[in-house]
Each structure stands twice: as structure tokens, then as C-alpha cells.
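Shown here: protein-v4.txt, compact mmCIF, C-alpha atoms.
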```txt
# COMPACT_ATOMS: atom_id res chain seq x y z
CA MET A 1 24.41 -109.06 85.17
CA ILE A 2 21.07 -110.16 86.59
CA VAL A 3 22.27 -113.76 86.85
CA LEU A 4 25.45 -112.75 88.67
CA GLY A 5 23.38 -110.58 91.00
CA LEU A 6 21.06 -113.49 91.84
CA MET A 7 24.00 -115.84 92.38
CA ARG A 8 25.57 -113.42 94.78
CA ALA A 9 22.26 -113.07 96.64
CA ASP A 10 22.43 -116.66 98.07
CA PRO A 11 25.42 -118.76 96.81
CA GLU A 12 25.08 -121.51 99.47
CA ASN A 13 21.70 -122.76 98.48
CA ASP A 14 21.76 -125.49 95.77
CA MET A 15 18.11 -125.09 95.11
CA GLN A 16 18.57 -121.45 94.61
CA LYS A 17 21.59 -122.17 92.44
CA ALA A 18 19.57 -124.46 90.28
CA GLN A 19 16.85 -121.88 90.04
CA VAL A 20 19.42 -119.25 89.20
CA VAL A 21 20.94 -121.50 86.51
CA ALA A 22 17.48 -122.30 85.18
CA LEU A 23 16.59 -118.65 85.13
CA ALA A 24 19.90 -117.82 83.52
CA GLY A 25 19.22 -120.50 80.91
CA LEU A 26 15.77 -119.11 80.39
CA PHE A 27 17.07 -115.57 80.03
CA TYR A 28 19.80 -116.78 77.74
CA SER A 29 17.30 -118.72 75.63
CA LEU A 30 15.00 -115.71 75.55
CA PHE A 31 17.93 -113.53 74.61
CA ILE A 32 18.98 -115.91 71.81
CA PHE A 33 15.34 -116.29 70.75
CA SER A 34 14.86 -112.54 70.68
CA LEU A 35 18.03 -112.17 68.64
CA GLY A 36 16.76 -114.86 66.28
CA MET A 37 13.36 -113.23 66.08
CA ARG A 38 14.91 -109.86 65.48
CA ASN A 39 17.04 -111.32 62.76
CA PHE A 40 14.10 -113.23 61.35
CA LEU A 41 11.95 -110.07 61.35
CA ARG A 42 14.73 -108.10 59.73
CA VAL A 43 15.17 -110.70 56.98
CA TRP A 44 11.39 -111.03 56.61
CA LYS A 45 10.98 -107.25 56.34
CA LYS A 46 13.84 -107.13 53.88
CA ASP A 47 12.20 -109.89 51.85
CA LEU A 48 8.88 -108.08 51.97
CA LYS A 49 10.55 -104.88 50.87
CA GLN A 50 12.41 -106.70 48.12
CA SER A 51 9.21 -108.44 47.01
CA ALA A 52 7.44 -105.09 46.86
CA GLU A 53 10.38 -103.63 44.96
CA PHE A 54 10.41 -106.62 42.61
CA LYS A 55 6.67 -106.23 42.08
CA VAL A 56 7.13 -102.55 41.25
CA LEU A 57 9.98 -103.45 38.89
CA ALA A 58 7.95 -106.27 37.31
CA ASP A 59 4.97 -103.93 36.87
CA ASP A 60 7.28 -101.30 35.39
CA LEU A 61 8.74 -103.88 33.03
CA THR A 62 5.28 -105.04 31.90
CA ALA A 63 4.14 -101.43 31.43
CA SER A 64 7.32 -100.64 29.50
CA GLN A 65 6.88 -103.72 27.32
CA ASN A 66 3.28 -102.74 26.60
CA GLN A 67 4.31 -99.16 25.90
CA LEU A 68 7.06 -100.35 23.59
CA GLY A 69 4.55 -102.57 21.79
CA VAL A 70 2.17 -99.64 21.32
CA LEU A 71 4.97 -97.32 20.19
CA ASP A 72 6.34 -99.98 17.89
CA GLY A 73 2.94 -100.33 16.19
CA GLN A 74 2.39 -96.58 15.95
CA LEU A 75 5.86 -95.90 14.65
CA ARG A 76 5.62 -98.66 12.07
CA LYS A 77 2.30 -97.27 10.92
CA GLN A 78 3.59 -93.68 10.75
CA ILE A 79 6.73 -94.59 8.84
CA GLY A 80 4.72 -96.85 6.53
CA ALA A 81 2.20 -94.04 5.90
CA TRP A 82 5.04 -91.59 5.30
CA LEU A 83 6.71 -93.94 2.83
CA HIS A 84 3.42 -94.50 1.01
CA GLY A 85 1.98 -91.05 1.29
CA THR A 86 5.01 -88.80 0.94
CA VAL A 87 8.06 -90.59 -0.37
CA GLN A 88 6.24 -92.61 -3.03
CA SER A 89 4.19 -89.58 -4.12
CA LYS A 90 7.27 -87.38 -4.44
CA LEU A 91 9.20 -90.03 -6.32
CA MET A 92 6.22 -90.49 -8.60
CA LYS A 93 6.06 -86.75 -9.27
CA ILE A 94 9.77 -86.63 -10.08
CA ALA A 95 9.39 -89.68 -12.32
CA ARG A 96 6.45 -88.05 -14.09
CA ASP A 97 8.39 -84.80 -14.63
CA VAL A 98 11.40 -86.72 -15.88
CA ARG A 99 9.22 -88.85 -18.17
CA ASN A 100 7.75 -85.67 -19.65
CA LEU A 101 11.23 -84.69 -20.87
CA ASP A 102 10.51 -87.29 -23.52
CA THR A 103 13.95 -88.65 -24.21
CA SER A 104 14.97 -92.26 -24.04
CA LYS A 105 17.39 -91.54 -21.17
CA ALA A 106 14.68 -89.65 -19.30
CA LYS A 107 12.28 -92.57 -19.70
CA GLU A 108 14.95 -94.92 -18.43
CA ILE A 109 15.49 -92.78 -15.32
CA ALA A 110 11.72 -92.48 -14.83
CA ASN A 111 11.40 -96.26 -14.98
CA GLU A 112 14.12 -96.64 -12.37
CA LEU A 113 12.37 -94.16 -10.10
CA ASP A 114 9.09 -96.00 -10.59
CA ASP A 115 10.79 -99.26 -9.75
CA LEU A 116 12.19 -97.74 -6.57
CA ALA A 117 8.81 -96.32 -5.57
CA GLU A 118 6.61 -99.22 -6.60
CA ASN A 119 8.75 -102.16 -5.60
CA GLU A 120 11.49 -101.40 -3.13
CA ILE A 121 9.71 -98.79 -1.03
CA ARG A 122 6.43 -100.69 -1.18
CA ASP A 123 8.06 -103.94 -0.08
CA TYR A 124 9.90 -102.22 2.73
CA SER A 125 6.86 -100.34 3.98
CA HIS A 126 4.83 -103.57 3.77
CA ARG A 127 7.34 -105.26 6.03
CA LEU A 128 7.12 -102.33 8.42
CA PHE A 129 3.35 -102.20 8.52
CA PRO A 130 0.96 -103.89 6.07
CA PRO A 131 -0.62 -100.85 4.36
CA THR A 132 -4.02 -102.48 3.96
CA LEU A 133 -4.25 -102.45 7.76
CA ASN A 134 -4.52 -98.66 7.41
CA ILE A 135 -7.97 -99.27 5.96
CA SER A 136 -9.13 -101.98 8.30
CA LEU A 137 -8.17 -105.28 9.89
CA GLN A 138 -10.76 -106.95 7.66
CA VAL A 139 -9.18 -105.63 4.45
CA GLY A 140 -5.70 -106.53 5.73
CA LEU A 141 -6.76 -110.09 6.57
CA ILE A 142 -8.67 -110.54 3.31
CA GLU A 143 -5.48 -109.68 1.46
CA LEU A 144 -3.46 -112.00 3.68
CA CYS A 145 -5.87 -114.94 3.37
CA ASP A 146 -6.59 -114.45 -0.33
CA GLY A 147 -6.41 -117.84 -2.05
CA LEU A 148 -4.99 -119.45 1.09
CA ALA A 149 -7.61 -119.59 3.77
CA GLU A 150 -11.25 -119.05 4.53
CA LEU A 151 -11.75 -115.98 6.71
CA GLU A 152 -14.48 -115.52 9.27
CA ILE A 153 -14.30 -112.18 11.03
CA ASP A 154 -16.42 -110.69 13.78
CA PRO A 155 -19.11 -108.36 12.30
CA SER A 156 -17.96 -105.47 14.52
CA LEU A 157 -14.61 -105.49 12.72
CA THR A 158 -15.98 -105.45 9.19
CA GLU A 159 -16.68 -102.68 6.70
CA GLN A 160 -20.35 -103.66 6.97
CA SER A 161 -20.54 -102.49 10.57
CA ASP A 162 -21.78 -99.04 11.55
CA SER A 163 -18.98 -96.49 11.79
CA GLY A 164 -21.28 -93.73 12.98
CA ILE A 165 -20.34 -91.55 10.00
CA ARG A 166 -23.48 -90.07 8.52
CA LEU A 167 -24.16 -88.34 5.25
CA ASP A 168 -26.06 -85.42 6.73
CA GLN A 169 -24.16 -85.06 9.97
CA SER A 170 -20.68 -85.81 11.12
CA VAL A 171 -21.77 -88.20 13.84
CA LEU A 172 -25.14 -89.51 14.96
CA THR A 173 -26.10 -91.87 17.69
CA HIS A 174 -26.42 -95.51 16.78
CA GLU A 175 -29.75 -95.96 15.05
CA ASN A 176 -29.71 -99.24 13.26
CA THR A 177 -29.83 -101.91 15.93
CA ASN A 178 -29.33 -104.68 13.38
CA VAL A 179 -25.89 -103.41 12.46
CA PRO A 180 -23.13 -103.70 15.06
CA ASN A 181 -21.05 -100.65 15.91
CA ARG A 182 -17.60 -100.74 14.39
CA LEU A 183 -14.75 -101.27 16.79
CA VAL A 184 -11.55 -99.37 16.36
CA LEU A 185 -8.57 -101.44 17.41
CA PRO A 186 -5.30 -99.95 18.59
CA THR A 187 -2.73 -99.99 15.78
CA SER A 188 -0.44 -102.28 17.74
CA LEU A 189 -3.25 -104.79 18.32
CA SER A 190 -4.25 -104.88 14.63
CA TYR A 191 -0.60 -105.37 13.80
CA ALA A 192 -0.25 -108.19 16.36
CA ILE A 193 -3.34 -109.98 15.01
CA TYR A 194 -2.09 -109.63 11.44
CA ARG A 195 1.37 -110.95 12.30
CA VAL A 196 0.18 -113.99 14.29
CA VAL A 197 -2.32 -114.93 11.58
CA GLU A 198 0.45 -114.51 9.00
CA GLU A 199 2.74 -116.77 11.04
CA ALA A 200 0.05 -119.40 11.69
CA LEU A 201 -0.86 -119.40 7.98
CA SER A 202 2.78 -119.80 7.07
CA ASN A 203 3.09 -122.80 9.42
CA ALA A 204 -0.05 -124.38 7.97
CA LYS A 205 1.07 -123.75 4.37
CA LYS A 206 4.46 -125.35 4.94
CA LYS A 207 2.78 -128.74 5.38
CA GLN A 208 2.19 -130.35 2.00
CA SER A 209 -0.75 -132.28 3.40
CA THR A 210 -2.72 -129.09 4.17
CA THR A 211 -5.64 -128.56 1.81
CA LYS A 212 -7.83 -126.33 3.95
CA ILE A 213 -7.11 -123.49 6.36
CA MET A 214 -9.66 -121.57 8.34
CA VAL A 215 -9.01 -118.24 10.07
CA ARG A 216 -11.51 -117.03 12.64
CA ILE A 217 -11.43 -113.71 14.50
CA LYS A 218 -14.04 -113.30 17.20
CA VAL A 219 -14.69 -110.51 19.69
CA ILE A 220 -16.01 -111.68 23.06
CA GLY A 221 -16.45 -108.69 25.36
CA ASN A 222 -13.00 -107.25 25.94
CA LYS A 223 -11.26 -110.23 24.41
CA ILE A 224 -10.31 -111.00 20.82
CA GLU A 225 -10.00 -114.66 19.99
CA ILE A 226 -7.88 -115.67 17.02
CA VAL A 227 -8.09 -119.20 15.68
CA VAL A 228 -6.26 -120.71 12.71
CA ILE A 229 -7.18 -124.30 11.93
CA ASP A 230 -5.66 -126.51 9.23
CA ASN A 231 -6.26 -130.06 8.12
CA GLY A 232 -2.60 -130.88 7.56
CA VAL A 233 -0.37 -133.35 9.30
CA LYS A 234 -0.51 -133.20 13.09
CA LEU A 235 2.18 -131.95 15.45
CA MET A 236 4.80 -134.46 16.57
CA SER A 237 4.72 -135.31 20.27
CA ASP A 238 8.20 -133.77 20.72
CA TYR A 239 7.32 -130.54 18.88
CA GLU A 240 9.11 -127.67 20.57
CA GLY A 241 8.24 -124.75 18.34
CA GLY A 242 10.48 -122.14 16.79
CA LEU A 243 10.67 -118.43 16.13
CA GLY A 244 6.98 -118.36 15.27
CA THR A 245 5.97 -119.70 18.64
CA THR A 246 8.15 -117.02 20.27
CA LEU A 247 6.12 -114.45 18.35
CA PHE A 248 2.88 -116.04 19.62
CA ALA A 249 4.21 -115.93 23.19
CA VAL A 250 5.41 -112.32 22.95
CA PHE A 251 2.10 -110.99 21.65
CA ALA A 252 0.04 -113.11 24.06
CA LYS A 253 2.07 -111.73 26.96
CA GLN A 254 1.74 -108.18 25.66
CA TYR A 255 -2.05 -108.42 25.62
CA GLY A 256 -2.42 -110.48 28.79
CA GLY A 257 -3.70 -113.48 26.88
CA THR A 258 -2.80 -117.06 26.23
CA TRP A 259 -1.87 -119.11 23.20
CA SER A 260 -1.87 -122.75 22.26
CA LEU A 261 -0.97 -125.00 19.39
CA SER A 262 -2.70 -128.36 19.53
CA ASN A 263 -3.77 -131.30 17.45
CA THR A 264 -7.42 -131.64 16.49
CA THR A 265 -9.17 -134.65 15.01
CA ASP A 266 -8.35 -133.41 11.49
CA GLY A 267 -5.17 -131.40 11.85
CA VAL A 268 -3.74 -128.58 13.92
CA ALA A 269 -5.36 -125.64 15.69
CA PHE A 270 -3.60 -122.47 16.72
CA GLN A 271 -5.51 -120.37 19.20
CA THR A 272 -4.66 -117.17 21.01
CA ASP A 273 -6.60 -114.47 22.77
CA TYR A 274 -5.80 -110.86 23.48
CA PHE A 275 -7.42 -108.49 25.92
CA PHE A 276 -8.22 -104.92 24.91
CA GLU A 277 -10.45 -102.01 25.76
CA PRO A 278 -13.26 -102.06 23.22
CA LYS A 279 -13.85 -98.63 21.67
CA THR A 280 -16.14 -97.88 18.79
CA VAL A 281 -15.22 -95.64 15.87
CA GLN A 282 -18.32 -93.66 16.75
CA SER A 283 -17.18 -92.96 20.33
CA GLU A 284 -13.70 -92.02 19.09
CA LEU A 285 -15.22 -89.59 16.60
CA LEU A 286 -17.46 -88.13 19.29
CA ASN A 287 -14.45 -87.62 21.57
CA LYS A 288 -12.65 -85.94 18.72
CA VAL A 289 -15.57 -83.59 18.10
CA LYS A 290 -15.88 -82.83 21.85
CA SER A 291 -12.16 -82.10 22.18
CA ARG A 292 -12.49 -79.46 19.46
CA GLU A 293 -15.46 -77.76 21.12
CA MET B 1 -24.31 -91.68 -22.93
CA ARG B 2 -22.14 -90.80 -25.86
CA ARG B 3 -18.55 -90.04 -25.10
CA GLN B 4 -17.43 -86.62 -26.15
CA THR B 5 -13.90 -85.72 -27.00
CA SER B 6 -12.57 -82.19 -26.85
CA ASP B 7 -11.24 -82.35 -30.41
CA CYS B 8 -14.69 -83.00 -31.87
CA PRO B 9 -16.47 -79.63 -32.25
CA TYR B 10 -19.81 -81.15 -33.18
CA SER B 11 -20.12 -83.66 -30.40
CA VAL B 12 -23.26 -83.36 -28.32
CA ARG B 13 -22.89 -83.00 -24.60
CA VAL B 14 -25.44 -85.46 -23.29
CA ASN B 15 -24.28 -85.64 -19.72
CA SER B 16 -21.63 -84.20 -17.49
CA PHE B 17 -20.43 -85.05 -14.05
CA ASN B 18 -19.20 -83.01 -11.15
CA VAL B 19 -16.24 -84.33 -9.27
CA MET B 20 -14.75 -83.73 -5.85
CA VAL B 21 -11.17 -84.67 -5.10
CA VAL B 22 -9.80 -85.43 -1.63
CA GLU B 23 -6.03 -85.59 -1.89
CA ASP B 24 -3.46 -84.37 0.61
CA ASP B 25 -0.58 -84.14 -1.85
CA ILE B 26 -0.82 -80.67 -3.38
CA HIS B 27 1.05 -81.64 -6.56
CA TYR B 28 -1.15 -84.63 -7.23
CA ARG B 29 -4.26 -82.65 -6.33
CA GLU B 30 -3.42 -79.96 -8.89
CA LEU B 31 -2.44 -82.57 -11.43
CA LEU B 32 -5.79 -84.32 -11.03
CA LYS B 33 -7.59 -81.00 -11.35
CA SER B 34 -5.90 -80.14 -14.64
CA ILE B 35 -6.52 -83.63 -16.02
CA LEU B 36 -10.18 -83.70 -14.99
CA GLU B 37 -10.87 -80.19 -16.26
CA SER B 38 -9.54 -81.18 -19.65
CA SER B 39 -12.49 -83.56 -20.06
CA ASP B 40 -15.72 -82.16 -21.51
CA GLU B 41 -17.65 -84.78 -19.60
CA ILE B 42 -16.61 -83.30 -16.29
CA SER B 43 -18.42 -80.09 -15.47
CA SER B 44 -16.75 -79.11 -12.21
CA VAL B 45 -13.87 -80.12 -10.02
CA VAL B 46 -13.71 -79.19 -6.35
CA LEU B 47 -10.58 -79.92 -4.35
CA PHE B 48 -10.09 -80.82 -0.69
CA ASP B 49 -6.79 -81.37 1.05
CA SER B 50 -8.02 -83.92 3.59
CA VAL B 51 -10.94 -86.10 4.64
CA GLU B 52 -11.46 -83.69 7.53
CA SER B 53 -11.81 -80.60 5.32
CA PHE B 54 -14.24 -82.48 3.07
CA ALA B 55 -16.30 -83.58 6.09
CA LYS B 56 -16.25 -80.06 7.52
CA GLN B 57 -17.59 -78.60 4.28
CA LYS B 58 -20.16 -81.38 3.95
CA ASN B 59 -21.46 -80.75 7.45
CA LYS B 60 -22.05 -77.08 6.65
CA GLN B 61 -24.51 -77.94 3.88
CA ASN B 62 -28.25 -77.64 4.29
CA ASP B 63 -28.85 -80.13 1.51
CA VAL B 64 -26.00 -82.61 1.64
CA VAL B 65 -27.53 -84.98 -0.89
CA ASP B 66 -27.65 -82.17 -3.45
CA TRP B 67 -24.14 -81.03 -2.55
CA MET B 68 -22.56 -84.45 -2.96
CA PRO B 69 -20.73 -84.91 -6.27
CA ASN B 70 -21.36 -87.50 -8.96
CA VAL B 71 -17.88 -88.80 -8.37
CA LEU B 72 -15.72 -88.58 -5.29
CA ILE B 73 -12.04 -89.17 -5.93
CA MET B 74 -10.63 -90.22 -2.62
CA ASP B 75 -7.00 -90.66 -1.74
CA VAL B 76 -6.93 -93.60 0.66
CA MET B 77 -4.38 -92.03 3.01
CA SER B 78 -5.51 -88.42 3.08
CA SER B 79 -6.74 -88.13 6.62
CA ALA B 80 -4.80 -85.99 9.08
CA ASP B 81 -5.69 -88.60 11.69
CA ILE B 82 -4.09 -91.88 10.70
CA ARG B 83 -6.81 -93.79 12.56
CA PHE B 84 -9.36 -92.84 9.91
CA ASP B 85 -8.72 -93.55 6.27
CA GLY B 86 -10.41 -92.05 3.22
CA ALA B 87 -11.55 -95.39 1.82
CA SER B 88 -13.57 -96.40 4.89
CA TYR B 89 -14.98 -92.88 5.12
CA ALA B 90 -16.21 -93.00 1.52
CA ASN B 91 -17.67 -96.45 2.12
CA ALA B 92 -19.45 -95.18 5.25
CA LEU B 93 -21.04 -92.35 3.23
CA ARG B 94 -22.20 -94.85 0.63
CA SER B 95 -23.62 -97.05 3.39
CA ASP B 96 -25.59 -94.06 4.62
CA GLY B 97 -27.14 -93.53 1.21
CA ALA B 98 -24.74 -91.26 -0.69
CA ARG B 99 -25.36 -91.74 -4.40
CA CYS B 100 -21.89 -90.83 -5.54
CA ALA B 101 -19.43 -93.02 -7.34
CA VAL B 102 -16.07 -93.37 -5.63
CA VAL B 103 -12.66 -93.59 -7.26
CA LEU B 104 -10.07 -94.64 -4.73
CA ILE B 105 -6.61 -93.45 -5.50
CA SER B 106 -3.53 -94.70 -3.74
CA SER B 107 0.04 -95.74 -4.16
CA LEU B 108 -1.22 -99.10 -2.87
CA ASP B 109 -2.98 -101.67 -4.97
CA VAL B 110 -6.50 -101.16 -3.60
CA SER B 111 -8.29 -103.60 -5.91
CA ARG B 112 -9.07 -105.92 -2.98
CA VAL B 113 -10.48 -103.00 -1.03
CA ILE B 114 -12.83 -102.29 -3.92
CA LYS B 115 -13.90 -105.94 -3.82
CA VAL B 116 -14.85 -105.64 -0.15
CA PHE B 117 -16.68 -102.32 -0.64
CA ASN B 118 -18.50 -103.61 -3.71
CA GLU B 119 -19.97 -106.42 -1.62
CA ASN B 120 -21.20 -103.86 0.88
CA ASN B 121 -22.30 -101.12 -1.50
CA PRO B 122 -22.46 -102.55 -5.01
CA GLY B 123 -21.43 -100.52 -8.06
CA GLY B 124 -19.70 -97.26 -8.78
CA TRP B 125 -16.29 -98.17 -7.40
CA ARG B 126 -12.99 -97.79 -9.21
CA ALA B 127 -9.40 -97.96 -8.06
CA LEU B 128 -6.41 -96.15 -9.47
CA GLN B 129 -2.86 -96.81 -8.47
CA LYS B 130 -0.61 -93.76 -8.36
CA THR B 131 2.36 -94.30 -10.58
CA SER B 132 4.08 -91.98 -12.98
CA ARG B 133 2.75 -94.21 -15.75
CA LEU B 134 -0.86 -93.54 -14.81
CA SER B 135 -2.19 -91.67 -17.82
CA SER B 136 -4.71 -88.86 -18.01
CA ALA B 137 -6.95 -91.08 -20.13
CA GLU B 138 -6.97 -93.82 -17.47
CA ILE B 139 -7.96 -91.30 -14.80
CA ILE B 140 -10.78 -89.78 -16.87
CA THR B 141 -12.04 -93.20 -17.97
CA ALA B 142 -12.14 -94.45 -14.37
CA VAL B 143 -14.08 -91.37 -13.25
CA ILE B 144 -16.61 -91.51 -16.08
CA ASP B 145 -17.08 -95.28 -15.92
CA ALA B 146 -17.69 -95.12 -12.18
CA ALA B 147 -20.16 -92.25 -12.62
CA GLN B 148 -22.05 -94.05 -15.37
CA GLU B 149 -22.17 -97.27 -13.39
CA MET B 150 -23.65 -95.35 -10.48
CA GLN B 151 -26.14 -93.58 -12.72
CA ASP B 152 -27.27 -96.88 -14.26
CA LYS B 153 -27.95 -98.44 -10.87
```
What would the structure in this file look like if it were written as C-alpha cells?
Amino acid sequence: MIVLGLMRADPENDMQKAQVVALAGLFYSLFIFSLGMRNFLRVWKKDLKQSAEFKVLADDLTASQNQLGVLDGQLRKQIGAWLHGTVQSKLMKIARDVRNLDTSKAKEIANELDDLAENEIRDYSHRLFPPTLNISLQVGLIELCDGLAELEIDPSLTEQSDSGIRLDQSVLTHENTNVPNRLVLPTSLSYAIYRVVEEALSNAKKKQSTTKIMVRIKVIGNKIEIVVIDNGVKLMSDYEGGLGTTLFAVFAKQYGGTWSLSNTTDGVAFQTDYFFEPKTVQSELLNKVKSRE
Amino acid sequence: MRRQTSDCPYSVRVNSFNVMVVEDDIHYRELLKSILESSDEISSVVLFDSVESFAKQKNKQNDVVDWMPNVLIMDVMSSADIRFDGASYANALRSDGARCAVVLISSLDVSRVIKVFNENNPGGWRALQKTSRLSSAEIITAVIDAAQEMQDK
């Protein structure tokens, strides 16, 4: 409209025509440019919005995965404890009562009940959650490494550390500076450590050339470092991993850590690290006492 | 110490032990009580249904050392809070100077646990696995052996 108006203003003048055409071109270019910019801004805003939405979704996914990991560990532990504490005990009581009937048939039934309680339920609950982990990670790993590997575990995760439980009081402040405070690990983290060590041990054991395996668990601030080293045959250059490496990756992702499997001068080293919020048994007990007050 | 049996009227009671039991399963708790009370070498049996109720009672005592039993029979999984187990609790008490023997009782095989605790607090540890085949004699023997081992330390 503007261009037509200008053209009508002085149609005889070529110079003016040229100026009008130039102006029209300029306006047209500006118009196209503004349309392009508008479009670009719209797409850019949309991208930004989508990125933000994706970030929220990704964060939600990570949080859900972590939550599932925690719930998985807790549920495994609870069902395992129920199988051990309730089901096995009840079966044992029934077996005892039946055995007391003192007939050969009764003894046979009692033996079957014992077999169910002591073997099938135990095996199943062990697969769900290694029961020795209910006592401590140290006890669980000692059982796992028994006769297979040398275990070196951080003093703050051992039974020798200070739990804060006192004979003459429920909880006291830390007194003995030579003894580290005992850390309490989330159930899911203890379970993850146990399972990756179990998997790494299994990989090391499979190699006939392995004669020595070393398991090392170290706490460095808010990070737990897990190392399993063997002196068996080294990894092939085209090694791609299997289900075990998927397990390493899943747990490493869950705890925001990394993992690696590499050749050393003598054999193979598996290493992974998990991040956690270090809490002592003592502080947990104190919180428990405070919550009751 | 000479072992005394209930069917020997002339046996001399040289020593007797008091026992506390922490067991959340009421049937097993009562069963342990009746078995332990049948032994002349056990003078008293006090029952607790959880680690928490034991700890609560312990914390009420003016003289805890005197209150503590000769033998503490501890069910490994008898805490209401699954984060804290009976075995570690008993070991913590021993680490803090409790002079009581500990018999861990569980449906698990806790022999390796005993090995770990023995390194930390040597002597006076026994483990019993709950099965219907576990006899009264095995329970009493474990309790008395643990108590004697602790006494001889």
C-alpha cells in the first residue's frame, strides 16, 4: 500500500521510481526478514520449551529410576526378612509340632517342611536379598568372598567401627577418636554393591587362569569406590561385555557414578564408584530418639 | 564347673547363669523359655520381644553392668526397625564392655557372623540355627558353653 502510494505520488520521475522500487524492495526484504525472524523465534521458543520439557521429563525419569531402585532394595529386604523371620519360623514351628507326634509319617512330613523352610525358602530369599546384608555389608561381603577373594573394606563399614550404641546409655556422642563412626548405607546401595561384587567375582572366577582375586571397598567422602582385581587372562581387544556389564552400567547410572573394566599389568580390574549421602548409625539413632521425644 | 542334670538329686550346684532372650516370635520365645528353665544351670530367664524393648529396659537401669545377663540370646532379625539388627547390637554392647556371652539365633547360618564378631570381641559367642531339629540339649549346651567361655576369659 505504501509502495503504491509513493508510486502514485510522482510516476514520471525515473529516479523517484528507482527509489520507490528500492524502498519497496527494502520493505519487502524487511517484511520477509521479519517473517523469517518471527518464524525463527517461534521455532527457537518452541525448541527452548521442548528442551525445558525434555529436561523436566529426563529429571523425572532419573528420579523415578532412583526411586524404583530404592523401593526395589527395600522391598527385597522386607520380603526377605518376612520369609526368614515369619514364614521360616512358622514352618519350623509346624514341623516341630508335627515331629512331636512321634510317628514315622509325622517325621516324614516334618522333614519335608524342614526342607521347604531350610532350602527352598532360604534359596529364594537369598536371591531376593542376601540375608547376611541385614547384619552388615561387611558380613555379606565376607560370606560372598569366602574362599574366593581377599576382602579389604573401609573401616567405617566394619563391625569394628563405632556404632554409637553404649552399654550405659542408648546413644552417646563419639568419644573414641581412634575408631571411625559406622556408616549406615541405604539398603539399595548395599544391595547394589553386593550384586556388582558378586558379578565381578563371577567374571573373574570363570577364567581358569585366575589364581588371585582382590575386592576393595573404599569410602572417599560421599563416594564409595568398589574395585575387583584378578590376575587372570586379560580382556580381548574386541570385548563387548554381556549381561553383567549391563548390571554395572545400571547401578553406576543409578548412583551417578562411573564404571570401567580394563586390563592391568597382571590381569583385569573392574572399578565402579557410587555417590551417596554419608550417614552414621549414630546420627540415625539420634534422629530416631529425637523423633520419639 | 560341674554339669548338673535335673535327674541327679545329689548333684551340687556350683554355678548358675541368668539369661535374657530377645526374640520377636512369641512361639519361639516361649519355647526357649521352657527349654532354658528346664536346666538347673540356668537361674533365670527374662524375655524381650524386640531389640528396642531390651534397649528401653536397659536404659532404665541405674547399674546396667549389674543388670546385664550372663548370656544374651539374641535373635538376629528381632528389631522392629529393619535397619538395625540384633547381632550388630549385641556386638556393639560387647565392644562397649558388656561382659555377657551372646548366643545368636537365626534361621540363617550365622557361623560367619560369629567369626567376624569373635575377631572384634573374642570369646563367648555361639550360633544356633532355628530348625525343627534343633534340640533342647543343643540350646542349653550352647548357652552354658558360651557363658563358661565368657567366665573363663
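Minimum atom-to-atom distances from B:Arg99, B:Arg112, B:His27, B:Lys153 to Ala127 in chain B were compared using all atoms listed in the file, and the lowest value belongs to B:Arg112.
In this structure, CA of Val19 in chain B sits 5.4 Å away from CA of Pro69 in chain B.
What separates CA of Lys130 in chain B from CA of Gln138 in chain A is a distance of 23.1 Å.
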Specify as JSON, numbers by chain all residues of chain A found within 7 Å of chain B, counting all atoms listed in the file.
{"A": [84, 85, 92, 93, 95, 96, 114, 134, 135, 139, 143, 160, 163, 165, 166, 167, 168, 169, 170]}
Between A:Leu157, A:Leu68, A:Leu83, A:Cys145, which one has atoms that come closest to Tyr124 in chain A, using all atoms listed in the file?
A:Leu83
